[in-house]
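Only one structure is covered here, and it is reproduced in the block below.
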Amino acid sequence: MTHPSPTVALAIEPATLHSWLSDGQEIALIDVSETGQFGQQHLLLASNLPYSRFEPALLDNVPRSGTRLVITSTDGVLAQLAAARAIELGYHHVHWLAGGTRQWQQAGYKTFQGVNVPSKAFSEYVEHAFGTGSVTAEELAHGQQSGHDLILLDSRTLEEHRKFHVPGAISCPGGEIVTRFADVVTSPDTLVVVTCAGRTRGIIGAQSLIDAGVPNRVVALAGGTQGWRLAGLDLHYGRGQETQQASAAAQEKARASTHQLEQRAGLARIDSETLQAWQADPARTTYVFDIRSREEFEAGHLAGAVWAEGVQLIQCFDEYAVVRHAHVVLIDSDGSRAVIVANWLHRLGAQVTLFTPSGETPQATAPSANTVTAPQDWERIPSISAQTAWNWATEGAILLDARSSERYLQSHAQGALWVNRATVPQAIIEQIATTGRAVILADDDTVARLLAHTLLTRIGQTAASAELAVVEGGFAAWQSAGLAVDNTPRELDNHARVDYLFWLHDRHAGNLEASAAYLQWEADLPTQIGPASEAGFRLP
């Protein structure tokens with residue numbers, strides 16, 4: 001299949017985009033605002049690929065050059081720049097939303113606060129549609145103190161559980177909760193309570209067990225860890241009880257129950273030949289996610305597959321599958337985990353199928369028609385050592401820090417200025433043009449090079465001899481070299497910190513007012529969105 005190769009991206013109006021989002025065809029709606037801006041206001045079905053790292057993120061998340069792209073930002077200006085970069089990278093069906101998110105809102109369409117909004121809203125619809133039960137923190141605490149026959153399962157990731165959890169909670173990540181259940185809950189009379197940090201994963205975890213037909217009464221903990229603290233109760237910080245990989249007996253029970261769920265949900269399975277055909281199709285995007293444990297994945301996996309923890313794939317689906325209506329293939333080996341995850345992704349609106357490798361692991365294909373091969377000009381920015389960077393600085397070069405604003409405020413190279421590629425002040429451009437040299441430090445060399453490329457473009461012909469370089473190894477290398485570091489607490493203008501979401505940011509740090517507001521926000525999402533079909537959900 002051949003496509004035209006326009007030299008410019010095309011602007012579209014909000015009404016056009018609204019129509020495209022419901023036409024059933026592949027589309028990648030990408031908001032290039034920085035994380036803080038995106039979290040303050042964005043379109044419901046947009047995925048966030050911040051401009052500070054846009055090009056590599058686009059290449060990673062949108063592998064097919066013919067994908068219909070629509071790029072937006074707060075006012076559309078940054079979106080137009082990103083769209084032009086997408087054209088340069090070799091994409092040839094690129095559009096940008098005229099006027100950006102603001103124009104979308106002015107046209108009468110809705111915008112949303114927060115992150116992973118579709119998945120968080122989805123759990124609220126699930127609770128309403130299936131009548132998922134819940135208990136309050138006070139009820140759970142009373143049951144624990146009274147010695148009632150109950151068990152508390154934490155459906156978050158193991159890493160989150162180890163940071164803090166409700167006392168007595170056993171880590172059992174949502175993607176494994178059905179598979180490990182028989183090893184953890186031995187009596188059908190035990191009350192099973194599923195918790196997370198808020199509402200989403202508790203509801204989904206509880207309903208997963210109910211859908212799988214476990215004999216126990218299963219409920220979610222209302223508000224999770226935040227609801228627990230709002231009740232005046234203390235969390236446990238540090239490691240607690242943890243479940244292990246499911247035994248053969250538990251896996252067998254899970255396979256039997258999820259087989260029935262698979263049949264009821266009408267989930268499809270494909271063979272190796274079909275998978276390879278899908279991957280070779282230049283007209284369709286195929287995402288392949290391996291949802292086994294990281295240890296299983298690292299021991300051997302299908303070439304081209306991306307590891308994803310099942311509970312997070314559901315929670316953050318807008319981050320994993322940026323192209324809507326693409327094929328989503330789940331790989332598993334025990335016959336139950338993928339069914340649970342696929343069931344939820346199907347209800348979320350994804351075109352999901354199951355694949356179980358057998359015998360020799362097939363190799364993924366990478367057809368040239370699907371590969372974006374445009375030159376990556378940012379990679380040509382040179383690297384220098386930390387010591388050379390220090391020498392440059394002593395000779396008048398500008399030091400720039402391209403890390404997150406949060407990390408910059410904690411510690412940075414002495415004299416370094418914080419800069420984000422999306423909002424480079426004109427004063428810095430003028431300083432570089434005057435001094436002729438600048439050095440960039442970052443945690444990620446690619447982010448540093450993208451900033452350098454943007455700076456050189458902004459400087460333009462007025463300072464053609466300007467010399468820019470990135471510090472190899474970034475700020476860590478600077479520290480290791482024993483060079484001067486500024487650890488003095490300081491402030492940045494909050495408006496300048498476009499990469500940091502201040503909205504209810506401290507709800508896990510003891511701000512009970514923020515926790516209450518966040519839980520209410522989650523509960524109110526269905527009212528804000530309207531019919532579930534507006535988000536593409538498949539629910540009764």
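Chain labels A, B, ... are given in the sequence in which chains occur in the structure tokens; within each chain residues are numbered consecutively from 1, and ligands are likewise numbered from 1 in the order shown.
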Any chance you could tabulate, as CSV, the residues of range 242-275 of chain A at most 12 Å from range 156-180 of chain A with each one's nearest atom pair and distance in Å to one decimal, using only C-alpha atoms, in chain and rising number order?
residue,atom,partner,partner_atom,distance
A:Glu242,CA,A:Ser171,CA,4.6
A:Thr243,CA,A:Cys172,CA,5.8
A:Gln244,CA,A:Arg180,CA,7.7
A:Gln245,CA,A:Arg180,CA,6.9
A:Ala246,CA,A:Arg180,CA,4.7
A:Ser247,CA,A:Arg180,CA,7.6
A:Ala248,CA,A:Thr179,CA,9.9
A:Ala249,CA,A:Arg180,CA,9.7
A:Ala250,CA,A:Arg180,CA,6.1
A:Gln251,CA,A:Thr179,CA,5.6
A:Glu252,CA,A:Thr179,CA,8.6
A:Lys253,CA,A:Thr179,CA,7.9
A:Ala254,CA,A:Thr179,CA,5.1
A:Arg255,CA,A:Thr179,CA,7.9
A:Ala256,CA,A:Thr179,CA,10.5
A:Ser257,CA,A:Val178,CA,8.9
A:Thr258,CA,A:Val178,CA,8.4
A:Leu261,CA,A:Val178,CA,11.7
Please produce an output containing C-alpha atoms for each residue in the selection, written as an mmCIF file, in the first residue's frame.
data_model
loop_
_atom_site.group_PDB
_atom_site.id
_atom_site.type_symbol
_atom_site.label_atom_id
_atom_site.label_comp_id
_atom_site.auth_asym_id
_atom_site.auth_seq_id
_atom_site.Cartn_x
_atom_site.Cartn_y
_atom_site.Cartn_z
ATOM 1 C CA GLU A 242 3.040 -11.195 49.615
ATOM 2 C CA THR A 243 1.565 -13.910 47.439
ATOM 3 C CA GLN A 244 3.818 -16.030 45.239
ATOM 4 C CA GLN A 245 3.446 -17.454 41.747
ATOM 5 C CA ALA A 246 0.393 -19.700 41.605
ATOM 6 C CA SER A 247 0.782 -23.416 42.271
ATOM 7 C CA ALA A 248 -0.154 -25.964 39.613
ATOM 8 C CA ALA A 249 -3.362 -26.765 41.510
ATOM 9 C CA ALA A 250 -4.361 -23.083 41.738
ATOM 10 C CA GLN A 251 -3.621 -22.588 38.040
ATOM 11 C CA GLU A 252 -5.808 -25.541 37.139
ATOM 12 C CA LYS A 253 -8.742 -24.150 39.133
ATOM 13 C CA ALA A 254 -8.223 -20.722 37.557
ATOM 14 C CA ARG A 255 -8.130 -22.207 34.061
ATOM 15 C CA ALA A 256 -11.427 -23.969 34.613
ATOM 16 C CA SER A 257 -13.181 -20.829 35.858
ATOM 17 C CA THR A 258 -11.696 -18.458 33.309
ATOM 18 C CA LEU A 261 -15.597 -16.542 31.416
#
Point to revise | Filtered DSSP result for range 47-111 of chain A, state helix (DSSP H, G or I), as a PyMOL selection string | key: chain A and resi 51-61+77-89+100-106
Review point. Using only C-alpha atoms, which residues sit within 12 Å of Asp506 in chain A once same-chain residues fewer than 5 positions away are excluded, as a list of chain:residue names?
Key: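 Listed by chain and then number, they are A:Gln226, A:Leu501, A:Asn511, A:Leu512, A:Glu513, A:Ala514, A:Ser515, A:Ala516, A:Ala517, A:Tyr518.
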Check your understanding: Hey, what's within 12 Å of range 376-381 of chain A if we count only C-alpha atoms and toss same-chain stuff fewer than 3 positions away? As a VMD selection string, please?
Key -> chain A and resid 53 to 56 59 85 to 86 88 to 90 372 to 373 384 438 to 440 445 to 457 467 to 472
Between range 82-188 of chain A and range 526-535 of chain A, at 8 Å or less, what are the per-residue closest atom pairs and their distances in Å? Count only C-alpha atoms, order by chain and rising residue number, and return it as JSON lines.
{"residue": "A:Lys110", "atom": "CA", "partner": "A:Ile529", "partner_atom": "CA", "distance": 7.9}
{"residue": "A:Pro118", "atom": "CA", "partner": "A:Ala535", "partner_atom": "CA", "distance": 7.0}
{"residue": "A:Ala121", "atom": "CA", "partner": "A:Pro526", "partner_atom": "CA", "distance": 6.2}
{"residue": "A:Glu124", "atom": "CA", "partner": "A:Pro526", "partner_atom": "CA", "distance": 6.7}
{"residue": "A:Tyr125", "atom": "CA", "partner": "A:Pro526", "partner_atom": "CA", "distance": 6.5}
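Atom pair CA of Leu29 in chain A / CA of Leu17 in chain A: separated by 9.0 Å.
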Point to revise | Contacts of Gly66 in chain A at 7 Å (only C-alpha atoms; same-chain gap of 2+ positions) as a list of chain:residue names | key: A:Arg64, A:Arg68, A:Tyr91, A:His92, A:His93
Output file for the residues above (N, CA and C atoms, as a compact mmCIF listing (two decimals), in the first residue's frame):
# COMPACT_ATOMS: atom_id res chain seq x y z
N ARG A 64 3.32 2.34 13.03
CA ARG A 64 2.95 2.31 11.61
C ARG A 64 2.89 3.73 11.05
N ARG A 68 -3.44 7.20 11.22
CA ARG A 68 -4.09 8.52 11.27
C ARG A 68 -3.74 9.17 12.61
N TYR A 91 5.85 10.00 9.10
CA TYR A 91 4.41 9.75 9.17
C TYR A 91 3.71 10.58 8.09
N HIS A 92 2.68 10.04 7.49
CA HIS A 92 2.09 10.75 6.36
C HIS A 92 0.57 10.87 6.41
N HIS A 93 0.01 10.77 7.61
CA HIS A 93 -1.43 11.00 7.77
C HIS A 93 -1.60 11.81 9.07
Practice item. Extract, using only C-alpha atoms, all DNA, RNA and protein residues at most 9 Å from Ala265 in chain A, discarding same-chain residues fewer than 3 positions from it, and format them as JSON, numbers by chain. Key: {"A": [260, 261, 262, 343, 346]}
Check your understanding: Taking into account only C-alpha atoms, which residue in the set A:Leu483, A:Leu49, A:Val32, A:Val8 is nearest to Thr388 in chain A?
Key ->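 Checking each of A:Leu483, A:Leu49, A:Val32, A:Val8 against Thr388 in chain A, counting only C-alpha atoms, the winner is A:Leu483.
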Practice item. Calculate how many Å separate CA of Leu191 in chain A from CA of Trp228 in chain A, rounding to one decimal. Key: 18.1 Å
